[in-house]
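Shown below: target_14.cif, with mmCIF, C-alpha atoms.
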```
data_upload
#
loop_
_atom_site.label_atom_id
_atom_site.label_comp_id
_atom_site.auth_asym_id
_atom_site.auth_seq_id
_atom_site.Cartn_x
_atom_site.Cartn_y
_atom_site.Cartn_z
CA MET A 654 -170.21 -115.40 -62.78
CA SER A 655 -172.39 -117.37 -60.41
CA ALA A 656 -171.22 -117.65 -56.82
CA ILE A 657 -171.36 -121.39 -57.25
CA GLY A 658 -168.32 -121.15 -59.48
CA VAL A 659 -165.89 -119.40 -57.17
CA VAL A 660 -163.84 -121.05 -54.46
CA SER A 661 -160.38 -120.38 -53.14
CA SER A 662 -157.20 -122.14 -54.11
CA CYS A 663 -156.72 -125.88 -53.66
CA SER A 664 -154.14 -127.33 -51.33
CA CYS A 665 -152.26 -130.60 -51.43
CA LEU A 666 -149.48 -130.31 -48.89
CA ARG A 667 -145.99 -131.73 -48.79
CA PRO A 668 -145.60 -134.08 -45.82
CA GLY A 669 -142.57 -134.20 -43.60
CA VAL A 670 -141.08 -130.83 -44.45
CA TRP A 671 -142.95 -128.47 -42.11
CA LEU A 672 -143.37 -130.35 -38.84
CA LEU A 673 -144.95 -128.84 -35.77
CA LYS A 674 -142.62 -126.84 -33.59
CA PRO A 675 -143.02 -126.35 -29.83
CA GLY A 676 -145.81 -123.92 -29.11
CA THR A 677 -147.67 -124.22 -32.42
CA GLN A 678 -150.45 -126.14 -30.72
CA SER A 679 -151.11 -123.33 -28.27
CA MET A 680 -154.45 -121.61 -28.70
CA SER A 681 -152.77 -118.29 -28.00
CA SER A 682 -150.77 -118.69 -31.20
CA LEU A 683 -153.90 -118.68 -33.35
CA GLY A 684 -153.90 -114.88 -33.40
CA PHE A 685 -157.62 -114.49 -34.17
CA HIS A 686 -157.91 -111.46 -36.43
CA THR A 687 -161.25 -109.73 -36.54
CA ALA A 688 -160.56 -106.38 -38.18
CA ALA A 689 -161.83 -106.34 -41.77
CA ARG A 690 -162.25 -103.12 -43.66
CA CYS A 691 -161.95 -101.63 -47.10
CA ALA A 692 -158.40 -100.28 -46.65
CA ALA A 693 -157.01 -98.74 -43.48
CA LYS A 694 -154.15 -97.13 -45.43
CA ASP A 695 -153.50 -96.38 -49.05
CA TYR A 696 -149.94 -97.78 -49.04
CA TYR A 697 -148.30 -100.98 -47.74
CA GLU A 698 -144.77 -102.20 -48.07
CA VAL A 699 -146.10 -105.66 -48.98
CA LEU A 700 -149.55 -106.15 -50.48
CA VAL A 701 -150.86 -109.70 -50.87
CA LEU A 702 -153.76 -110.37 -53.23
CA GLY A 703 -155.70 -113.44 -52.11
CA GLY A 704 -156.31 -115.12 -48.77
CA GLY A 705 -155.98 -118.78 -49.77
CA ALA A 706 -153.19 -121.12 -48.67
CA GLY A 707 -150.46 -119.30 -50.60
CA GLY A 708 -151.61 -115.81 -49.67
CA ILE A 709 -151.98 -116.47 -45.93
CA THR A 710 -148.68 -118.34 -45.74
CA MET A 711 -146.82 -115.54 -47.51
CA SER A 712 -148.44 -112.82 -45.42
CA ALA A 713 -147.23 -114.63 -42.29
CA ARG A 714 -143.71 -114.76 -43.72
CA MET A 715 -143.80 -111.09 -44.76
CA LYS A 716 -145.05 -110.05 -41.31
CA ARG A 717 -141.82 -111.41 -39.82
CA LYS A 718 -139.82 -109.63 -42.49
CA VAL A 719 -141.26 -106.10 -42.53
CA GLY A 720 -143.65 -105.96 -39.57
CA ALA A 721 -147.37 -106.70 -39.44
CA GLU A 722 -148.41 -103.06 -39.82
CA ASN A 723 -146.67 -102.95 -43.21
CA VAL A 724 -148.48 -105.97 -44.68
CA ALA A 725 -152.05 -106.19 -46.01
CA VAL A 726 -154.06 -109.02 -47.53
CA VAL A 727 -156.90 -108.32 -49.96
CA GLU A 728 -159.52 -111.07 -49.60
CA PRO A 729 -163.31 -110.67 -49.87
CA SER A 730 -164.34 -114.06 -48.46
CA GLN A 731 -165.36 -114.39 -44.83
CA THR A 732 -164.54 -118.11 -44.80
CA HIS A 733 -161.24 -119.87 -45.50
CA TYR A 734 -161.53 -123.48 -46.72
CA TYR A 735 -159.10 -126.37 -46.56
CA GLN A 736 -160.30 -127.80 -49.83
CA PRO A 737 -158.35 -131.08 -49.96
CA LEU A 738 -160.86 -132.32 -47.40
CA TRP A 739 -163.70 -131.95 -49.91
CA THR A 740 -162.75 -135.24 -51.58
CA LEU A 741 -163.57 -136.95 -48.29
CA VAL A 742 -166.66 -134.77 -47.71
CA GLY A 743 -168.04 -135.84 -51.10
CA GLY A 744 -167.32 -139.44 -50.19
CA GLY A 745 -169.07 -139.17 -46.82
CA ALA A 746 -165.90 -139.63 -44.76
CA LYS A 747 -165.69 -136.06 -43.39
CA GLN A 748 -168.08 -133.22 -42.56
CA LEU A 749 -168.02 -130.00 -44.59
CA ALA A 750 -167.76 -127.92 -41.43
CA ALA A 751 -164.37 -129.49 -40.68
CA SER A 752 -162.95 -127.82 -43.82
CA ALA A 753 -163.88 -124.26 -42.82
CA ARG A 754 -162.55 -121.53 -40.55
CA PRO A 755 -163.40 -117.81 -40.39
CA THR A 756 -160.92 -115.91 -42.56
CA GLY A 757 -160.13 -113.67 -39.60
CA SER A 758 -158.92 -116.68 -37.60
CA VAL A 759 -156.23 -117.58 -40.14
CA MET A 760 -155.09 -114.02 -40.87
CA PRO A 761 -151.72 -113.38 -39.16
CA ARG A 762 -152.14 -111.20 -36.09
CA GLY A 763 -151.66 -107.52 -36.85
CA VAL A 764 -151.68 -107.92 -40.63
CA GLU A 765 -154.34 -105.72 -42.24
CA TRP A 766 -157.22 -107.69 -43.76
CA ILE A 767 -158.74 -105.62 -46.56
CA ARG A 768 -162.10 -107.24 -47.14
CA SER A 769 -162.61 -106.22 -50.73
CA ARG A 770 -162.14 -107.51 -54.25
CA VAL A 771 -159.35 -106.54 -56.64
CA THR A 772 -160.74 -104.94 -59.79
CA ALA A 773 -157.54 -103.91 -61.62
CA LEU A 774 -153.75 -104.08 -61.33
CA ASP A 775 -151.43 -101.28 -62.42
CA PRO A 776 -147.88 -102.55 -61.89
CA ASP A 777 -146.39 -99.60 -63.78
CA LYS A 778 -147.67 -97.32 -61.02
CA ASN A 779 -147.22 -99.88 -58.20
CA CYS A 780 -150.87 -99.90 -57.25
CA VAL A 781 -154.07 -101.92 -57.45
CA TRP A 782 -157.70 -100.84 -57.59
CA LEU A 783 -160.35 -102.35 -55.36
CA GLU A 784 -164.13 -102.14 -55.33
CA ASN A 785 -165.60 -98.67 -54.79
CA ASP A 786 -162.65 -97.19 -56.73
CA THR A 787 -160.29 -97.60 -53.79
CA LYS A 788 -156.63 -97.34 -54.74
CA VAL A 789 -153.91 -99.12 -52.72
CA SER A 790 -150.22 -98.68 -53.49
CA TYR A 791 -147.37 -101.02 -52.61
CA LYS A 792 -143.64 -101.48 -52.69
CA TYR A 793 -143.87 -105.24 -53.23
CA LEU A 794 -146.87 -107.16 -54.58
CA ILE A 795 -147.61 -110.88 -54.09
CA ILE A 796 -150.39 -112.27 -56.30
CA ALA A 797 -152.11 -115.36 -54.90
CA LEU A 798 -155.58 -115.12 -56.43
CA GLY A 799 -156.17 -118.81 -57.07
CA ILE A 800 -158.16 -120.20 -59.96
CA SER A 801 -161.76 -119.66 -61.07
CA LEU A 802 -164.34 -122.38 -61.66
CA HIS A 803 -166.56 -122.09 -64.73
CA TYR A 804 -169.51 -124.42 -64.42
CA GLU A 805 -171.41 -122.06 -66.72
CA LYS A 806 -169.20 -123.12 -69.64
CA ILE A 807 -171.01 -126.47 -69.57
CA LYS A 808 -174.48 -126.07 -71.09
CA GLY A 809 -177.12 -126.80 -68.46
CA LEU A 810 -174.94 -125.80 -65.49
CA PRO A 811 -174.89 -124.55 -62.82
CA GLU A 812 -178.69 -124.71 -62.78
CA GLY A 813 -178.49 -128.48 -63.29
CA PHE A 814 -177.25 -128.86 -59.71
CA HIS A 815 -180.80 -128.18 -58.53
CA HIS A 816 -181.62 -131.67 -59.78
CA PRO A 817 -180.66 -134.84 -57.87
CA LYS A 818 -177.99 -137.38 -58.86
CA ILE A 819 -175.37 -134.74 -59.74
CA GLY A 820 -172.62 -133.23 -57.61
CA SER A 821 -169.17 -131.69 -57.68
CA ASN A 822 -166.45 -131.81 -55.04
CA TYR A 823 -164.96 -128.56 -56.35
CA SER A 824 -167.49 -126.17 -54.85
CA VAL A 825 -168.66 -125.63 -51.30
CA HIS A 826 -172.19 -125.38 -52.72
CA THR A 827 -172.18 -128.77 -54.45
CA VAL A 828 -169.79 -131.06 -52.56
CA GLU A 829 -172.50 -132.39 -50.23
CA LYS A 830 -174.66 -133.13 -53.28
CA THR A 831 -171.97 -135.59 -54.34
CA TRP A 832 -172.43 -137.59 -51.13
CA LYS A 833 -176.22 -137.48 -51.54
CA ALA A 834 -175.98 -138.76 -55.14
CA LEU A 835 -173.59 -141.47 -54.00
CA GLN A 836 -175.99 -142.66 -51.31
CA ASP A 837 -179.06 -142.49 -53.56
CA PHE A 838 -177.46 -144.52 -56.37
CA LYS A 839 -179.55 -147.54 -57.41
CA GLU A 840 -178.25 -148.90 -60.71
CA GLY A 841 -176.86 -147.65 -63.99
CA ASN A 842 -174.00 -145.44 -65.16
CA ALA A 843 -171.89 -143.55 -62.66
CA ILE A 844 -169.88 -140.99 -64.64
CA PHE A 845 -166.90 -138.96 -63.42
CA THR A 846 -165.46 -136.19 -65.61
CA PHE A 847 -162.21 -134.31 -66.25
CA PRO A 848 -162.44 -131.06 -68.30
CA ASN A 849 -160.42 -129.79 -71.23
CA THR A 850 -158.71 -127.04 -69.17
CA PRO A 851 -156.05 -126.78 -66.49
CA VAL A 852 -157.50 -127.86 -63.13
CA LYS A 853 -156.47 -127.66 -59.51
CA CYS A 854 -155.83 -130.93 -57.72
CA ALA A 855 -155.82 -132.94 -60.94
CA GLY A 856 -156.12 -136.20 -59.01
CA ALA A 857 -159.38 -135.17 -57.33
CA PRO A 858 -161.69 -136.20 -60.23
CA GLN A 859 -160.40 -139.76 -59.82
CA LYS A 860 -160.37 -139.82 -56.02
CA ILE A 861 -164.15 -139.53 -55.71
CA MET A 862 -164.53 -142.28 -58.31
CA TYR A 863 -162.46 -144.72 -56.24
CA LEU A 864 -164.34 -143.77 -53.07
CA SER A 865 -167.67 -144.27 -54.84
CA GLU A 866 -166.61 -147.71 -56.05
CA ALA A 867 -165.56 -148.66 -52.53
CA TYR A 868 -168.83 -147.38 -51.05
CA TRP A 869 -170.97 -149.35 -53.49
CA ARG A 870 -168.90 -152.46 -52.83
CA LYS A 871 -169.52 -152.02 -49.12
CA THR A 872 -173.27 -151.45 -49.57
CA GLY A 873 -173.81 -154.28 -52.07
CA LYS A 874 -174.53 -152.05 -55.07
CA ARG A 875 -171.27 -152.50 -56.97
CA SER A 876 -172.62 -155.10 -59.38
CA LYS A 877 -175.32 -152.63 -60.44
CA ALA A 878 -172.88 -149.79 -61.16
CA ASN A 879 -171.19 -149.18 -64.51
CA ILE A 880 -168.40 -146.80 -63.46
CA MET A 881 -167.01 -144.54 -66.19
CA PHE A 882 -164.19 -142.01 -66.09
CA ASN A 883 -164.58 -139.66 -69.07
CA THR A 884 -161.45 -137.55 -69.30
CA SER A 885 -160.36 -134.96 -71.83
CA LEU A 886 -156.78 -136.15 -71.37
CA GLY A 887 -154.97 -138.87 -73.28
CA GLY A 888 -153.69 -140.61 -70.14
CA ILE A 889 -154.81 -141.39 -66.63
CA PHE A 890 -152.04 -139.43 -64.84
CA GLY A 891 -149.04 -137.36 -65.91
CA VAL A 892 -146.35 -139.32 -64.05
CA LYS A 893 -145.74 -142.83 -65.39
CA LYS A 894 -144.93 -144.45 -62.05
CA TYR A 895 -148.26 -143.45 -60.55
CA ALA A 896 -150.19 -143.86 -63.82
CA ASP A 897 -149.12 -147.51 -63.98
CA ALA A 898 -150.32 -148.07 -60.41
CA LEU A 899 -153.67 -146.37 -61.08
CA LEU A 900 -154.26 -148.37 -64.27
CA GLU A 901 -153.82 -151.57 -62.27
CA ILE A 902 -156.42 -150.39 -59.77
CA ILE A 903 -158.79 -149.41 -62.60
CA LYS A 904 -158.40 -152.86 -64.15
CA GLU A 905 -158.91 -154.69 -60.85
CA ARG A 906 -162.06 -152.69 -60.06
CA ASN A 907 -163.56 -152.98 -63.54
CA ILE A 908 -163.74 -149.25 -64.23
CA THR A 909 -164.16 -147.99 -67.80
CA VAL A 910 -161.92 -145.11 -68.91
CA ASN A 911 -162.83 -143.09 -72.00
CA TYR A 912 -160.01 -140.76 -73.09
CA LYS A 913 -160.37 -137.52 -75.03
CA ARG A 914 -163.97 -137.03 -73.89
CA ASN A 915 -164.96 -133.54 -72.75
CA LEU A 916 -168.25 -132.78 -70.98
CA VAL A 917 -170.08 -130.06 -72.94
CA GLU A 918 -173.69 -130.33 -71.75
CA VAL A 919 -175.73 -131.70 -68.85
CA ARG A 920 -179.44 -132.39 -69.35
CA ALA A 921 -180.16 -132.84 -65.68
CA ASP A 922 -183.93 -133.28 -66.13
CA LYS A 923 -183.27 -136.30 -68.36
CA GLN A 924 -180.13 -137.45 -66.49
CA GLU A 925 -178.06 -137.19 -69.67
CA ALA A 926 -174.45 -136.06 -70.06
CA VAL A 927 -173.16 -134.97 -73.47
CA PHE A 928 -169.47 -135.37 -74.31
CA GLU A 929 -167.44 -134.12 -77.25
CA ASN A 930 -164.94 -136.54 -78.77
CA LEU A 931 -161.79 -134.40 -78.86
CA ASP A 932 -160.27 -136.65 -81.53
CA LYS A 933 -163.30 -135.87 -83.71
CA PRO A 934 -164.19 -132.19 -83.10
CA GLY A 935 -167.90 -131.57 -83.26
CA VAL A 936 -168.79 -135.23 -82.75
CA THR A 937 -170.72 -135.80 -79.51
CA GLU A 938 -172.04 -138.79 -77.60
CA VAL A 939 -174.79 -138.91 -74.99
CA HIS A 940 -174.62 -141.02 -71.84
CA GLN A 941 -177.48 -141.67 -69.46
CA TYR A 942 -176.38 -141.41 -65.84
CA GLU A 943 -177.61 -142.53 -62.44
CA MET A 944 -174.86 -140.45 -60.83
CA LEU A 945 -172.70 -137.69 -62.32
CA HIS A 946 -169.68 -136.02 -60.74
CA VAL A 947 -168.63 -132.87 -62.59
CA THR A 948 -165.16 -131.39 -62.56
CA PRO A 949 -165.73 -127.90 -63.99
CA PRO A 950 -163.66 -126.06 -66.59
CA MET A 951 -161.25 -123.67 -64.86
CA GLY A 952 -159.26 -120.60 -65.76
CA PRO A 953 -157.53 -117.47 -64.45
CA PRO A 954 -159.54 -115.05 -62.29
CA ASP A 955 -161.26 -112.43 -64.43
CA VAL A 956 -159.14 -109.60 -63.02
CA LEU A 957 -156.00 -111.24 -64.43
CA ILE A 958 -157.27 -111.68 -67.97
CA ASN A 959 -155.67 -109.00 -70.19
CA SER A 960 -153.81 -107.67 -67.14
CA PRO A 961 -150.27 -106.28 -67.49
CA VAL A 962 -149.03 -108.92 -65.03
CA SER A 963 -150.42 -111.86 -67.01
CA ASP A 964 -149.42 -113.93 -70.01
CA ALA A 965 -151.58 -114.18 -73.13
CA ILE A 966 -153.98 -116.60 -71.44
CA GLY A 967 -154.32 -114.76 -68.15
CA TRP A 968 -151.97 -116.55 -65.77
CA VAL A 969 -149.50 -114.45 -63.75
CA ASP A 970 -146.27 -114.52 -65.74
CA VAL A 971 -143.51 -115.55 -63.33
CA ASP A 972 -140.09 -117.14 -63.54
CA LYS A 973 -140.60 -120.84 -62.83
CA GLU A 974 -137.54 -121.07 -60.58
CA THR A 975 -137.77 -117.88 -58.51
CA LEU A 976 -141.52 -117.00 -58.73
CA GLN A 977 -140.50 -113.40 -59.49
CA HIS A 978 -142.46 -111.68 -62.24
CA LYS A 979 -140.71 -111.71 -65.60
CA ARG A 980 -141.26 -107.98 -66.28
CA TYR A 981 -141.92 -106.36 -62.91
CA PRO A 982 -139.17 -107.20 -60.39
CA ASN A 983 -141.22 -106.09 -57.35
CA VAL A 984 -144.15 -108.36 -58.29
CA PHE A 985 -144.35 -112.05 -57.37
CA GLY A 986 -146.83 -114.87 -57.89
CA ILE A 987 -147.69 -118.02 -56.01
CA GLY A 988 -150.26 -120.78 -56.37
CA ASP A 989 -152.92 -121.65 -58.90
CA CYS A 990 -153.02 -118.22 -60.60
CA THR A 991 -149.46 -118.48 -61.96
CA ASN A 992 -148.22 -119.95 -65.24
CA LEU A 993 -145.77 -122.34 -63.58
CA PRO A 994 -145.58 -125.52 -65.70
CA THR A 995 -146.67 -127.80 -62.89
CA SER A 996 -149.88 -129.25 -61.47
CA ARG A 997 -152.01 -126.78 -59.54
CA THR A 998 -151.93 -128.00 -55.96
CA ALA A 999 -150.91 -126.21 -52.81
CA ALA A 1000 -147.54 -127.32 -53.20
CA ALA A 1001 -148.05 -123.53 -53.37
CA VAL A 1002 -147.20 -123.88 -49.74
CA GLY A 1003 -143.96 -125.65 -50.56
CA LYS A 1004 -143.14 -122.79 -52.93
CA SER A 1005 -143.50 -120.22 -50.14
CA GLY A 1006 -140.01 -120.94 -48.82
CA VAL A 1007 -138.49 -120.28 -52.24
CA LEU A 1008 -140.55 -117.13 -52.70
CA ASP A 1009 -139.60 -115.93 -49.22
CA LYS A 1010 -135.91 -116.21 -50.09
CA THR A 1011 -136.49 -114.57 -53.49
CA ILE A 1012 -138.20 -111.55 -51.91
CA SER A 1013 -135.53 -111.30 -49.20
CA LEU A 1014 -132.82 -110.95 -51.82
CA VAL A 1015 -134.86 -108.55 -53.96
CA MET A 1016 -135.36 -106.34 -50.90
CA LYS A 1017 -131.57 -106.21 -50.57
CA ASN A 1018 -131.19 -105.32 -54.27
CA GLN A 1019 -129.69 -108.75 -54.93
CA LEU A 1020 -130.54 -111.30 -57.59
CA PRO A 1021 -132.62 -114.32 -56.50
CA THR A 1022 -130.62 -117.52 -56.21
CA GLN A 1023 -133.02 -120.04 -54.65
CA LYS A 1024 -134.63 -122.27 -57.27
CA TYR A 1025 -138.00 -124.02 -57.15
CA ASP A 1026 -137.88 -127.52 -58.66
CA GLY A 1027 -141.59 -127.76 -59.43
CA TYR A 1028 -142.38 -130.01 -56.47
CA THR A 1029 -146.01 -131.10 -56.53
CA SER A 1030 -147.84 -133.38 -54.13
CA CYS A 1031 -151.10 -135.21 -54.75
CA PRO A 1032 -152.39 -137.78 -52.26
CA LEU A 1033 -154.46 -140.07 -54.50
CA VAL A 1034 -157.25 -141.50 -52.36
CA THR A 1035 -158.02 -144.96 -53.75
CA ALA A 1036 -160.28 -146.27 -50.93
CA TYR A 1037 -161.65 -145.23 -47.56
CA ASN A 1038 -158.41 -146.31 -45.93
CA LYS A 1039 -155.80 -146.19 -48.71
CA VAL A 1040 -153.78 -143.52 -50.51
CA ILE A 1041 -151.07 -143.45 -53.16
CA LEU A 1042 -148.91 -140.43 -52.34
CA ALA A 1043 -147.78 -138.97 -55.67
CA GLU A 1044 -144.92 -136.47 -55.43
CA PHE A 1045 -143.06 -135.21 -58.49
CA ASP A 1046 -141.18 -132.31 -60.08
CA TYR A 1047 -141.38 -130.11 -63.19
CA ASN A 1048 -140.14 -132.99 -65.33
CA ALA A 1049 -142.86 -135.37 -64.10
CA GLN A 1050 -140.23 -137.38 -62.25
CA PRO A 1051 -141.01 -138.79 -58.79
CA LEU A 1052 -139.68 -136.57 -55.99
CA GLU A 1053 -140.71 -138.60 -52.97
CA THR A 1054 -140.45 -137.78 -49.28
CA PHE A 1055 -140.45 -141.24 -47.76
CA PRO A 1056 -137.97 -144.14 -48.23
CA ILE A 1057 -140.71 -146.45 -49.52
CA ASP A 1058 -142.44 -147.11 -52.84
CA GLN A 1059 -145.11 -144.40 -52.77
CA SER A 1060 -146.90 -145.87 -55.79
CA LYS A 1061 -148.31 -148.54 -53.47
CA GLU A 1062 -151.64 -148.03 -51.72
CA ARG A 1063 -151.01 -147.48 -48.00
CA LYS A 1064 -153.20 -147.03 -44.94
CA THR A 1065 -150.59 -144.81 -43.30
CA MET A 1066 -150.79 -142.37 -46.19
CA TYR A 1067 -154.57 -142.25 -45.89
CA HIS A 1068 -154.38 -141.28 -42.22
CA MET A 1069 -151.80 -138.64 -43.09
CA LYS A 1070 -154.15 -137.23 -45.77
CA ALA A 1071 -157.34 -137.46 -43.71
CA ASP A 1072 -156.14 -136.60 -40.21
CA MET A 1073 -152.56 -135.38 -39.89
CA MET A 1074 -152.41 -132.94 -42.80
CA PRO A 1075 -155.58 -130.99 -41.94
CA PHE A 1076 -154.37 -130.59 -38.35
CA LEU A 1077 -150.97 -129.35 -39.47
CA TYR A 1078 -152.53 -127.06 -42.07
CA TRP A 1079 -154.60 -125.17 -39.51
CA ASN A 1080 -152.12 -125.25 -36.62
CA ALA A 1081 -148.71 -124.91 -38.26
CA LEU A 1082 -148.58 -124.38 -41.98
CA LEU A 1083 -150.64 -121.20 -42.29
CA LYS A 1084 -148.50 -119.64 -39.59
#
```

Any chance you could give the structure as structure tokens?
Amino acid sequence: MSAIGVVSSCSCLRPGVWLLKPGTQSMSSLGFHTAARCAAKDYYEVLVLGGGAGGITMSARMKRKVGAENVAVVEPSQTHYYQPLWTLVGGGAKQLAASARPTGSVMPRGVEWIRSRVTALDPDKNCVWLENDTKVSYKYLIIALGISLHYEKIKGLPEGFHHPKIGSNYSVHTVEKTWKALQDFKEGNAIFTFPNTPVKCAGAPQKIMYLSEAYWRKTGKRSKANIMFNTSLGGIFGVKKYADALLEIIKERNITVNYKRNLVEVRADKQEAVFENLDKPGVTEVHQYEMLHVTPPMGPPDVLINSPVSDAIGWVDVDKETLQHKRYPNVFGIGDCTNLPTSRTAAAVGKSGVLDKTISLVMKNQLPTQKYDGYTSCPLVTAYNKVILAEFDYNAQPLETFPIDQSKERKTMYHMKADMMPFLYWNALLK
């Protein structure tokens, strides 16, 4: 798979529940970790697969539980990204560099960073295999491998990104192309897509659309833009309260929504996007575009497909309330790679408290009692200074933090999304 199609797990964070504590702003607490090797030992009490938001957060928790020398994180990437910022990078409101830190700087001090890639899991023998046929055994395994992007499943991609007027906020390689396409827009169709697969940060395909509309209004180009949201879904959002609010915004801003439309081909040299009508399989329609934002198909990481730890599709098969594996009691999953029936955001971080308690009880040979309610958070950016903060549970019912109507656009929520949450992510949450 092309490198353009692989990024680490997405993160939309729950506000108000993990506030800064005294000392978390100290530079000495950053614990810059520079040691990266294949595997210093062949056994760890806790082995964490993946160095995204869920993996780093859990490794920090496990360090306090069993000692740093007994915890290792397998992560090949040298850079850790705070991906929720990419919506604003694509809209020109933030710089890409602000979303990145060296992986070593977010690794908990003393925890072993194994800079390698997982090639196979063998839970029956309590071990995993890494590149170069390196075997690492464990007592407890936490799988936090994120989700894979598959631009190549759309005919004409990823090579189409070499052409102008096309971008994608989902990859570090293409997010700045979104901003360039937005700026270069003259007149015509501006198309934003949502694929026929599970996705991380399901609100993100809409967020860049609202930012684009606001930018063209500000620059006097709005009257020349025919904005289209072509989504494979049958509705605009999965929670009625927020869907109703978004539909009002869509109506007010004269945006066209085409449901059950799945992007299957991009003819970048002709600036044409081909969509299948999912209500009429095999029937396609072609749209000319002046700007195209692509949300790629997504799926489980390759190593999880046909793995003993995964379900039939390839997602890690965990109990939705405890995050413990359904067949292997010493295996746990967190984040986008699991089959939890909830939106894939880094409410993975919110789940870490539940998983921490689950593992604590399992280590004491006790049954897990803490239950995860499916909490998911998605700050829906609707303008350069407004956000609808959607928070909901497994049953698609609002589960809101603040004593206000969060379906209303608010400037305070935008500043929390754009400024407060990134600061807390780097300086408190990952620790």

Open item on the list: So that I can see what lies close to Gly820 (chain A), please list as a PyMOL selection string the residues with an atom at most 10 Å from it, counting all atoms listed in the file and leaving out residues fewer than 2 positions away in the same chain.
Closed with: chain A and resi 743+813-818+822-824+826-835+845+944-948

Can you write out the residues you just picked, keeping C-alpha atoms, as a short mmCIF file (atom, residue, chain, number, x, y, z; two decimals), keeping the file's coordinate frame?
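Contents of the output file result39.cif:
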```cif
data_model
loop_
_atom_site.label_atom_id
_atom_site.label_comp_id
_atom_site.auth_asym_id
_atom_site.auth_seq_id
_atom_site.Cartn_x
_atom_site.Cartn_y
_atom_site.Cartn_z
CA GLY A 743 -168.04 -135.84 -51.10
CA GLY A 813 -178.49 -128.48 -63.29
CA PHE A 814 -177.25 -128.86 -59.71
CA HIS A 815 -180.80 -128.18 -58.53
CA HIS A 816 -181.62 -131.67 -59.78
CA PRO A 817 -180.66 -134.84 -57.87
CA LYS A 818 -177.99 -137.38 -58.86
CA ASN A 822 -166.45 -131.81 -55.04
CA TYR A 823 -164.96 -128.56 -56.35
CA SER A 824 -167.49 -126.17 -54.85
CA HIS A 826 -172.19 -125.38 -52.72
CA THR A 827 -172.18 -128.77 -54.45
CA VAL A 828 -169.79 -131.06 -52.56
CA GLU A 829 -172.50 -132.39 -50.23
CA LYS A 830 -174.66 -133.13 -53.28
CA THR A 831 -171.97 -135.59 -54.34
CA TRP A 832 -172.43 -137.59 -51.13
CA LYS A 833 -176.22 -137.48 -51.54
CA ALA A 834 -175.98 -138.76 -55.14
CA LEU A 835 -173.59 -141.47 -54.00
CA PHE A 845 -166.90 -138.96 -63.42
CA MET A 944 -174.86 -140.45 -60.83
CA LEU A 945 -172.70 -137.69 -62.32
CA HIS A 946 -169.68 -136.02 -60.74
CA VAL A 947 -168.63 -132.87 -62.59
CA THR A 948 -165.16 -131.39 -62.56
#
```

Open item on the list: Between A:Asp972, A:Asp964, A:Asp932, A:Glu905, which residue has the minimum interatomic distance to Gly887 (chain A), considering only C-alpha atoms?
Closed with: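 Among A:Asp972, A:Asp964, A:Asp932, A:Glu905, it is A:Asp932 that comes nearest to Gly887 (chain A).
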
Task: Answer key for the PyMOL selection byres ((chain A and resi 1051-1057) around 9), residues as a list in words - done: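 So the PyMOL selection byres ((chain A and resi 1051-1057) around 9) ends up selecting Arg667, Pro668, Gly669, Val670, Val892, Lys894, Tyr895, Tyr1028, Thr1029, Ser1030, Leu1042, Ala1043, Glu1044, Phe1045, Asp1046, Asn1048, Ala1049, Gln1050, Asp1058, Gln1059, Ser1060 and Lys1061 of chain A.
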
TODO: Using only C-alpha atoms, pick whichever of A:Tyr696, A:Thr1022, A:Gln836, A:Phe890 has the shortest atom-to-atom distance to Pro858 (chain A).
DONE: A:Phe890

Open item on the list: I need the output of the PyMOL selection byres ((chain A and resi 906) around 10) for this file as an NGL selection string; which residues are they?
Closed with: :A and (863 or 866-867 or 870 or 875 or 880 or 900-905 or 907-909)

Reconstructed N, CA, C and O atoms for region 717-722 of chain A, given as a compact mmCIF listing (two decimals), in the frame of the given file:
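selection_37.txt, freshly written:
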```
# COMPACT_ATOMS: atom_id res chain seq x y z
N ARG A 717 -143.09 -111.26 -40.55
CA ARG A 717 -141.82 -111.41 -39.82
C ARG A 717 -140.71 -110.62 -40.48
O ARG A 717 -139.72 -110.28 -39.84
N LYS A 718 -140.88 -110.31 -41.75
CA LYS A 718 -139.82 -109.63 -42.49
C LYS A 718 -139.90 -108.11 -42.38
O LYS A 718 -138.89 -107.43 -42.21
N VAL A 719 -141.12 -107.56 -42.48
CA VAL A 719 -141.26 -106.10 -42.53
C VAL A 719 -142.17 -105.55 -41.43
O VAL A 719 -142.35 -104.33 -41.35
N GLY A 720 -142.75 -106.43 -40.61
CA GLY A 720 -143.65 -105.96 -39.57
C GLY A 720 -145.11 -106.04 -40.01
O GLY A 720 -145.43 -105.69 -41.15
N ALA A 721 -145.97 -106.48 -39.10
CA ALA A 721 -147.37 -106.70 -39.44
C ALA A 721 -148.06 -105.46 -39.97
O ALA A 721 -148.90 -105.53 -40.89
N GLU A 722 -147.72 -104.28 -39.42
CA GLU A 722 -148.41 -103.06 -39.82
C GLU A 722 -148.09 -102.65 -41.25
O GLU A 722 -148.76 -101.79 -41.83
```
